[in-house]
Structure formats: structure tokens, C-alpha cells
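Okay, protein-v3.txt now, which holds compact mmCIF, C-alpha atoms:
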```txt
# COMPACT_ATOMS: atom_id res chain seq x y z
CA MET A 227 59.15 139.56 67.14
CA VAL A 228 56.92 137.44 69.34
CA GLU A 229 55.67 138.94 72.60
CA SER A 230 57.98 137.79 75.36
CA ALA A 231 57.15 136.71 78.86
CA VAL A 232 57.89 139.41 81.40
CA PRO A 233 60.02 138.22 84.30
CA SER A 234 58.80 139.05 87.77
CA THR A 235 61.40 140.97 89.75
CA GLY A 236 60.12 139.34 92.93
CA ASP A 237 61.04 135.81 91.86
CA PRO A 238 64.49 134.15 91.65
CA ALA A 239 65.83 133.75 88.13
CA ILE A 240 65.94 129.97 88.62
CA GLU A 241 64.43 128.08 91.53
CA ALA A 242 64.28 124.33 92.14
CA LYS A 243 62.58 122.70 95.11
CA GLY A 244 62.86 118.99 95.84
CA LEU A 245 63.64 118.42 92.16
CA GLY A 246 64.13 114.81 91.14
CA HIS A 247 64.25 112.68 88.05
CA THR A 248 64.30 108.92 87.66
CA TYR A 249 64.73 107.51 84.16
CA LYS A 250 62.96 104.47 82.83
CA GLY A 251 64.90 101.50 84.09
CA GLY A 252 65.20 102.93 87.58
CA HIS A 253 68.30 105.17 87.38
CA THR A 254 67.84 108.22 89.62
CA ALA A 255 69.72 111.16 88.07
CA LEU A 256 68.45 113.85 90.45
CA ASP A 257 67.37 113.40 94.05
CA GLY A 258 65.84 116.30 95.98
CA VAL A 259 67.73 119.20 94.40
CA ASP A 260 67.13 122.64 95.91
CA LEU A 261 68.61 125.70 94.17
CA SER A 262 67.88 129.43 94.02
CA LEU A 263 69.78 131.67 91.59
CA GLY A 264 69.86 135.42 90.98
CA THR A 265 71.75 137.60 88.51
CA GLY A 266 75.34 136.66 87.70
CA LEU A 267 77.42 133.64 86.75
CA PHE A 268 76.47 130.52 88.70
CA GLY A 269 78.67 127.45 88.40
CA LEU A 270 77.27 123.94 88.51
CA LEU A 271 80.17 121.57 89.21
CA GLY A 272 80.36 117.82 89.42
CA PRO A 273 81.91 114.73 87.86
CA ASN A 274 80.49 113.14 84.74
CA GLY A 275 77.28 111.35 85.64
CA ALA A 276 76.48 113.67 88.56
CA GLY A 277 73.15 114.76 87.05
CA LYS A 278 74.14 118.19 85.72
CA SER A 279 72.80 117.76 82.19
CA THR A 280 69.57 116.26 83.49
CA LEU A 281 69.04 119.32 85.69
CA MET A 282 69.72 121.69 82.81
CA ARG A 283 67.40 119.87 80.43
CA ILE A 284 64.62 120.11 83.01
CA ILE A 285 65.18 123.86 83.43
CA CYS A 286 65.13 124.26 79.63
CA THR A 287 61.75 122.41 79.47
CA LEU A 288 63.28 119.55 77.48
CA LEU A 289 62.67 116.96 80.20
CA VAL A 290 59.79 116.58 82.66
CA PRO A 291 60.90 116.00 86.27
CA THR A 292 59.49 113.04 88.14
CA ALA A 293 59.50 114.89 91.48
CA GLY A 294 59.57 118.44 92.78
CA THR A 295 59.34 121.71 90.87
CA ALA A 296 61.53 124.08 88.87
CA LYS A 297 60.69 127.64 87.90
CA VAL A 298 62.26 130.41 85.82
CA TYR A 299 61.23 133.84 87.08
CA GLY A 300 58.16 132.24 88.62
CA TYR A 301 57.11 130.30 85.50
CA ASP A 302 56.83 126.56 86.01
CA VAL A 303 59.02 124.60 83.58
CA THR A 304 56.36 121.89 83.18
CA ARG A 305 53.11 123.89 83.02
CA GLU A 306 54.36 127.14 81.44
CA ARG A 307 56.89 125.98 78.88
CA ARG A 308 56.29 128.73 76.33
CA GLU A 309 56.91 131.50 78.87
CA VAL A 310 60.05 129.75 80.16
CA ARG A 311 61.46 129.24 76.67
CA GLU A 312 61.04 132.95 75.89
CA LEU A 313 63.16 133.79 78.92
CA ILE A 314 66.05 131.38 78.40
CA GLY A 315 68.83 130.74 75.91
CA TYR A 316 70.42 127.28 75.81
CA LEU A 317 73.84 126.12 74.65
CA PRO A 318 73.93 122.30 74.84
CA GLN A 319 77.09 120.20 75.05
CA GLU A 320 76.92 119.43 71.35
CA PHE A 321 76.15 122.49 69.25
CA GLY A 322 76.08 121.72 65.53
CA ALA A 323 75.49 124.22 62.76
CA TRP A 324 75.24 124.08 58.99
CA ARG A 325 78.89 123.71 58.00
CA HIS A 326 78.47 125.00 54.45
CA HIS A 327 76.53 128.13 55.43
CA ARG A 328 77.96 131.48 56.40
CA THR A 329 78.11 132.40 60.08
CA GLU A 330 75.66 135.27 59.62
CA GLU A 331 73.23 133.06 57.69
CA VAL A 332 73.19 130.44 60.43
CA LEU A 333 72.47 132.98 63.15
CA ASP A 334 69.80 134.69 61.03
CA THR A 335 68.00 131.38 60.50
CA LEU A 336 68.18 130.51 64.20
CA ALA A 337 66.99 134.02 65.12
CA ARG A 338 63.96 133.52 62.88
CA LEU A 339 63.23 130.23 64.62
CA SER A 340 63.48 132.05 67.96
CA GLY A 341 60.61 134.33 66.95
CA LEU A 342 62.38 137.32 65.40
CA SER A 343 60.13 137.68 62.38
CA ASN A 344 60.76 141.36 61.54
CA ARG A 345 63.60 141.28 59.01
CA LYS A 346 65.02 144.73 59.83
CA GLU A 347 64.96 144.09 63.56
CA ARG A 348 66.42 140.61 63.06
CA ARG A 349 69.32 141.87 60.95
CA ARG A 350 70.12 144.50 63.58
CA ARG A 351 70.00 141.92 66.36
CA VAL A 352 72.12 139.39 64.43
CA ALA A 353 74.84 141.99 63.77
CA GLU A 354 74.71 143.15 67.40
CA THR A 355 75.00 139.61 68.76
CA LEU A 356 77.86 138.64 66.45
CA GLU A 357 79.76 141.70 67.67
CA MET A 358 78.98 140.82 71.28
CA VAL A 359 80.57 137.35 70.97
CA GLY A 360 83.47 138.56 68.84
CA LEU A 361 82.38 137.02 65.53
CA ASP A 362 81.54 140.19 63.61
CA GLY A 363 84.85 139.87 61.73
CA VAL A 364 83.94 136.41 60.41
CA ALA A 365 80.25 136.97 59.63
CA ASP A 366 80.80 135.98 55.97
CA ARG A 367 82.98 132.96 56.76
CA LYS A 368 81.50 129.49 56.35
CA VAL A 369 81.05 127.56 59.59
CA LYS A 370 83.40 124.79 58.41
CA LYS A 371 86.19 127.40 58.35
CA LEU A 372 85.65 128.47 61.97
CA SER A 373 87.83 127.27 64.83
CA GLY A 374 86.33 125.17 67.59
CA GLY A 375 86.22 128.20 69.87
CA MET A 376 84.42 130.25 67.22
CA VAL A 377 81.79 127.53 66.79
CA ARG A 378 81.18 127.57 70.55
CA ARG A 379 80.83 131.37 70.40
CA LEU A 380 78.33 130.95 67.57
CA GLY A 381 76.46 128.61 69.89
CA VAL A 382 76.41 131.35 72.53
CA ALA A 383 75.20 133.81 69.87
CA GLN A 384 72.21 131.63 68.94
CA ALA A 385 71.34 131.35 72.64
CA LEU A 386 71.54 135.15 73.05
CA VAL A 387 70.01 136.42 69.83
CA HIS A 388 66.47 136.72 71.25
CA GLU A 389 67.80 138.61 74.29
CA PRO A 390 66.98 136.10 77.05
CA GLN A 391 67.21 136.91 80.73
CA VAL A 392 68.72 133.50 81.54
CA LEU A 393 71.51 131.64 79.74
CA ILE A 394 71.99 127.89 80.26
CA VAL A 395 75.41 126.59 79.20
CA ASP A 396 76.32 122.89 79.38
CA GLU A 397 80.01 121.81 79.36
CA PRO A 398 81.05 124.73 77.13
CA THR A 399 84.80 124.20 76.70
CA VAL A 400 85.12 120.49 75.92
CA GLY A 401 87.56 120.12 73.02
CA LEU A 402 88.78 123.72 73.07
CA ASP A 403 92.44 124.66 73.31
CA PRO A 404 93.67 126.74 76.31
CA GLU A 405 93.51 130.07 74.47
CA GLU A 406 89.94 129.46 73.29
CA ARG A 407 88.96 128.35 76.79
CA MET A 408 90.27 131.62 78.19
CA ARG A 409 88.33 133.67 75.64
CA PHE A 410 85.18 131.72 76.41
CA ARG A 411 85.57 132.31 80.17
CA GLN A 412 86.03 136.04 79.55
CA LEU A 413 82.86 136.10 77.45
CA MET A 414 80.86 134.34 80.18
CA ASN A 415 82.15 136.76 82.82
CA GLN A 416 81.12 139.70 80.65
CA LEU A 417 77.65 138.32 79.88
CA GLY A 418 77.00 137.49 83.53
CA ARG A 419 77.04 141.14 84.56
CA ASP A 420 73.40 141.77 83.62
CA ARG A 421 71.80 138.35 83.27
CA THR A 422 71.73 134.96 84.94
CA ILE A 423 74.11 132.32 83.58
CA LEU A 424 73.98 128.73 84.78
CA LEU A 425 77.18 127.09 83.57
CA SER A 426 77.59 123.35 84.03
CA THR A 427 81.08 121.86 83.96
CA HIS A 428 83.42 119.31 85.52
CA ILE A 429 86.38 121.64 84.82
CA VAL A 430 86.66 124.21 87.60
CA ALA A 431 88.69 126.68 85.52
CA ASP A 432 85.69 127.07 83.17
CA LEU A 433 84.06 129.29 85.77
CA GLY A 434 86.70 132.00 85.53
CA GLY A 435 86.99 134.80 88.06
CA GLY A 436 83.42 136.07 87.63
CA CYS A 437 81.63 133.19 89.33
CA ARG A 438 79.46 134.60 92.14
CA GLU A 439 78.18 131.31 93.52
CA MET A 440 78.51 127.60 92.82
CA ALA A 441 76.93 124.28 93.61
CA LEU A 442 78.59 120.86 93.65
CA LEU A 443 76.37 118.09 92.37
CA ASP A 444 77.30 114.47 93.02
CA SER A 445 75.15 111.38 92.45
CA GLY A 446 72.12 113.56 91.84
CA ARG A 447 72.37 115.57 95.07
CA VAL A 448 73.61 119.07 95.84
CA GLU A 449 76.48 118.47 98.28
CA PHE A 450 77.65 122.09 98.48
CA GLN A 451 76.23 125.48 97.58
CA GLY A 452 77.99 128.75 98.30
CA THR A 453 80.57 131.22 97.06
CA PRO A 454 83.98 130.18 95.72
CA GLU A 455 85.43 131.70 98.88
CA ASN A 456 83.32 129.31 100.99
CA LEU A 457 84.75 126.33 99.11
CA LEU A 458 88.30 127.67 99.44
CA GLN A 459 87.87 127.98 103.20
CA ARG A 460 86.89 124.32 103.40
CA ALA A 461 90.12 123.33 101.64
CA VAL A 462 92.46 124.91 104.18
CA GLY A 463 94.56 122.14 105.77
CA ARG A 464 93.68 119.65 103.02
CA VAL A 465 96.11 120.84 100.33
CA PHE A 466 99.83 120.19 100.74
CA GLU A 467 103.20 120.62 99.04
CA VAL A 468 106.14 118.28 99.55
CA SER A 469 109.61 117.83 98.01
CA ALA A 470 111.14 114.38 97.74
CA ASP A 471 113.48 112.21 95.69
CA ALA A 472 112.14 110.00 92.91
CA ALA A 473 111.51 106.93 95.06
CA ALA A 474 109.68 108.82 97.81
CA ALA A 475 107.72 110.84 95.26
CA GLU A 476 106.52 107.62 93.63
CA ARG A 477 105.24 106.34 96.98
CA ILE A 478 103.46 109.62 97.70
CA GLU A 479 101.84 109.65 94.25
CA GLY A 480 100.49 106.19 94.96
CA ASP A 481 98.92 107.20 98.25
CA TYR A 482 97.63 110.71 97.63
CA GLU A 483 95.71 112.70 95.02
CA ILE A 484 98.39 114.74 93.21
CA VAL A 485 97.45 118.01 91.55
CA SER A 486 100.83 119.07 90.12
CA ARG A 487 104.38 117.70 89.78
CA ALA A 488 107.56 119.75 89.19
CA VAL A 489 111.08 118.34 88.69
CA SER A 490 114.26 120.24 89.57
CA GLY A 491 117.39 118.12 89.24
CA THR A 492 116.93 115.09 91.50
CA GLU A 493 114.19 116.76 93.56
CA ILE A 494 110.50 116.40 92.77
CA THR A 495 107.96 118.83 94.23
CA LEU A 496 104.43 117.50 94.52
CA ARG A 497 101.27 119.43 95.28
CA GLY A 498 98.28 117.38 96.31
CA VAL A 499 95.10 117.02 98.35
CA SER A 500 94.16 114.69 101.14
CA ALA A 501 91.13 114.14 103.36
CA ASN A 502 93.16 112.22 105.98
CA GLY A 503 96.52 113.70 106.87
CA MET A 504 99.56 114.58 104.79
CA PRO A 505 102.80 112.84 103.76
CA ASP A 506 105.81 113.09 106.05
CA GLY A 507 107.65 116.34 105.47
CA ALA A 508 104.71 118.00 103.69
CA ASN A 509 103.64 121.59 104.36
CA PRO A 510 100.05 122.79 104.19
CA VAL A 511 99.27 125.27 101.41
CA ASP A 512 97.95 128.52 102.83
CA ALA A 513 96.21 129.70 99.64
CA PRO A 514 94.84 126.73 97.67
CA THR A 515 93.38 127.30 94.20
CA LEU A 516 89.71 126.72 93.47
CA GLU A 517 90.61 123.58 91.51
CA GLU A 518 92.47 122.23 94.53
CA ALA A 519 89.55 123.12 96.80
CA TYR A 520 87.20 121.20 94.52
CA LEU A 521 89.47 118.16 94.47
CA ALA A 522 89.86 118.31 98.25
CA PHE A 523 86.09 118.40 98.68
CA MET A 524 85.63 115.42 96.38
CA ALA A 525 88.50 113.56 98.05
CA ALA A 526 86.72 113.93 101.37
CA ARG A 527 83.74 112.20 99.75
CA GLY A 528 85.92 109.43 98.35
CA ARG A 529 85.34 110.82 94.87
CA SER A 530 88.67 112.47 94.01
CA GLU A 531 89.28 110.44 90.87
CA ALA A 532 85.79 111.30 89.60
CA ALA A 533 86.62 114.98 89.96
CA ARG A 534 89.52 114.83 87.50
CA GLN A 535 89.18 116.08 83.98
CA ASP A 536 88.72 113.39 81.39
CA ASP A 537 91.34 114.68 79.02
CA GLU A 538 93.90 116.29 81.31
CA SER A 539 95.88 115.04 84.27
CA PRO A 540 96.73 116.57 86.62
CA VAL A 541 94.11 119.32 86.89
CA GLU A 542 94.62 122.32 84.65
CA ALA A 543 96.69 124.96 86.41
CA SER A 544 94.79 127.99 87.64
CA THR A 545 95.82 131.55 86.92
CA GLY A 546 94.83 134.08 89.49
CA GLY A 547 92.54 131.73 91.46
CA GLU A 548 90.03 131.26 88.68
CA GLY A 549 87.69 129.74 88.93
CA THR A 550 77.21 115.31 82.76
CA ALA A 551 74.94 113.51 83.33
```
Now that the file is in, can you turn its structure into C-alpha cells?
Amino acid sequence: MVESAVPSTGDPAIEAKGLGHTYKGGHTALDGVDLSLGTGLFGLLGPNGAGKSTLMRIICTLLVPTAGTAKVYGYDVTRERREVRELIGYLPQEFGAWRHHRTEEVLDTLARLSGLSNRKERRRRVAETLEMVGLDGVADRKVKKLSGGMVRRLGVAQALVHEPQVLIVDEPTVGLDPEERMRFRQLMNQLGRDRTILLSTHIVADLGGGCREMALLDSGRVEFQGTPENLLQRAVGRVFEVSADAAAAERIEGDYEIVSRAVSGTEITLRGVSANGMPDGANPVDAPTLEEAYLAFMAARGRSEAARQDDESPVEASTGGEGTA
């Protein structure tokens, strides 16, 4: 096994100061981003095109910023790439593996590429990691026979196999069914107990209940950073529920951002968000969900439609307040 960089306990796990990136052609993807992350699950939220993937690629040393600095445990992502790469594991949006190879074979090959050269130690670590992500029962199964959720877990395994201190995960649940999404969130919550996880998503429910802090990125800028509770507090008075007949409900749906719609006989109950007042007869929701808080925040910025999921409308229902460029 290669000698790993030793993280300094006095430095944040991830720190960005004035970070910016402008692509050739003039598009500015990041503009003065400041972040400081410690141990735990940190959510990076924002609509598609907000700059999330650009930020993550910079942290992973795959892209050189055009302004500012980014460090991982004190190591500069531009000048000390080798040390940074030894400390991080990366699961990109698109993780592809050899479809005709066995799960264990794929992870063994990727572990070797990560610097685990001792065969005995590598085999132990591969078995340990497969068990950690719940794939030990399918170690001999070919990748083409795995479900979409299992492939994503294999992606997490390859990011973890060299025991990194920091895990970078980009849009992890795209294309997964609800059950697989839930399993993935549980895995992230578990892994975040003793390491730093930066999870980028435009789906609030991806964060699960273990998210300690979050940042909202929009048009390349950090517009909010704080705890989920901080964001929920901001949503009070901006989330409403109203019951109406079909004609009135249609008018309300045309004027407001609707989160959920329930029909009971001739009555339709709508739950929505608004930055400027509520429909006649509506009642404010005392305990909004994190998804509703996110939509309310984006609505206040005139960006509510951008905050919606691409493949689901309205926003996926939350259970228990869970919580690209």
C-alpha cells in the first residue's frame, strides 16, 4: 500500500476561499465560493447548472480553479494533488464498471489502481468494503446482473476501498427507485459518522436525516450555508395548505408553487410555497419539510421551478423531515 498523506487535525476537512472558475468561452460556473467543512455529512444543494459538479471536480483535483483556493486537510488541490488524492474518495455522477466482470474483481482492480499493492491486504480490504456497502452477498455476481442501486453502492465501495478521510459524492441517486434511494441515504448517514462526506444533489431527500450542515449553491454562488434547522426556520410563513374545489384549485396551481395535491371527493387539498403572500383561505404550515423549505428559499429568489426535480413533480414526499453543473 502506498504511504498516505496524514491529515492535520488543525485544518478543516475541506476549505474553499474565494473559489471561482470560468470556462473557456466566458461562462462563470463558480464565483467567490467560501466553504469550511468538518466531519459528518455535508449537503451541497442547488438546481442543475448551479456549479456543484464544477466545485466537486476542483476539490477532487480534476479541474484547476481560475480564482481562489481550495484545500483538503490543509493540502492545496492545485499544488499538492497527490496528497489530496490520497485523502479523498470520489463517486462521480456517472460510475461505469466492467459489466462482464464479477463485483469482487472490479473492486479488486480499482483497489490496485488506488495503491493497494499488497495482495493479502487488498483482499482483506475488498471483502471488508463490500460488506460495509452491503454487497458481500453478491461478490461473485457479474456487474451486468446488479441492480442500479447495487451499481451505485459498488461506486461507493471503489471510493472507500483505500480508506479515505473525505468522500465526494456527486448526484448519487439519479435513476434509482425509491427503495434503492432510501438504502443509499442510510449508507451515507452511516459513513458520515467518522469521515467527511460532501454530497451534491438537487434532490433534498438525498441528504437523509444525518445531514449536519448544508449549502445552497445557485448561479455559482453560495446563497445559504447552515444547518437544516436554519433553513427550516426561514421557511416558516412561506409554506401553506389550502382546500378548494376544482376550479379554485386550478387557479391556485397557476399562481403558486405547489408541492403536493390530494383529492377527496370534490375537494382538493394543495400544499405549496410562496415568497409573496398566500391564497385566500390558506393556512400557514407550522412544520414545513426540508424539501418545502428548499423550494420556499428558491421561490424567494425567483428560482422555484429550477429547484424542482427533473424526473418527479411535485417534489418527492419527505418521511420524518429528511433531509450539476
What is the distance between CA of Val310 in chain A and CA of Val298 in chain A, in Å to one decimal? 6.1 Å
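Nearest-residue note for Pro404 in chain A: choosing from A:Gly322, A:Gly363, A:Gly375, A:Gly269, the minimum distance belongs to A:Gly375, counting only C-alpha atoms.
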Under the rule that all atoms listed in the file are counted, which of A:Gly401, A:Gly246, A:Gly374, A:Gly452 is the nearest residue to Ser262 in chain A? A:Gly452
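Near range 498-508 of chain A, within 8 Å and counting only C-alpha atoms, sit A:Arg464, A:Val465, A:Phe466, A:Glu467, A:Val468, A:Ser469, A:Ile478, A:Tyr482, A:Glu483, A:Ile484, A:Val485, A:Ser486, A:Glu518, A:Leu521, A:Ala522, A:Ala525, A:Ala526, not including residues fewer than 5 positions from it in the same chain.
In terms of minimum interatomic distance to Asp260 in chain A, A:Gln451 ranks closest within A:Gln451, A:Asn509, A:Ser373, A:Gln391, counting only C-alpha atoms.
The spacing separating CA of Tyr520 in chain A from CA of Cys286 in chain A amounts to 26.8 Å.
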Atom-to-atom span, CA of Val462 in chain A and CA of Arg527 in chain A, Å: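 Result for CA of Val462 in chain A versus CA of Arg527 in chain A: 16.0 Å, one decimal.
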Give me the residues within 8 Å of Gly463 in chain A as a list in words, counting all atoms listed in the file and dropping any in the same chain fewer than 4 places off.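 In the requested form, the answer reads Pro510, Val511 and Asp512 of chain A.
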Residue with smallest distance to His253 in chain A - pool A:Thr280, A:Thr329, A:Thr295, A:Gln459, counting only C-alpha atoms: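 Distance minimum relative to His253 in chain A lands on A:Thr280.
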Fewer than 3 positions away in the same chain doesn't count, so skip those; otherwise give me all residues within 7 Å of Glu330 in chain A, counting all atoms listed in the file, as JSON, numbers by chain. {"A": [333, 334, 365, 366]}
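Distance annotation: of A:Asp420, A:Asp362, A:Glu476, A:Glu449, the residue with the minimal separation from Ala276 in chain A is A:Glu449; atom set is all atoms listed in the file.
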Write out as a list of chain:residue names each polymer residue whose atoms come within 10 Å of Val382 in chain A, counting all atoms listed in the file; drop sequence neighbours fewer than 6 positions from it. A:Gly315, A:Tyr316, A:Leu317, A:Pro318, A:Phe321, A:Thr355, A:Leu356, A:Met358, A:Val359, A:Met376, A:Leu393, A:Ile394, A:Val395, A:Pro398, A:Phe410, A:Leu413, A:Met414
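For the set A:Gly446, A:Gly360, A:Gly528, A:Pro390, the residue with the smallest atom-to-atom gap to Leu256 in chain A is A:Gly446, counting all atoms listed in the file.
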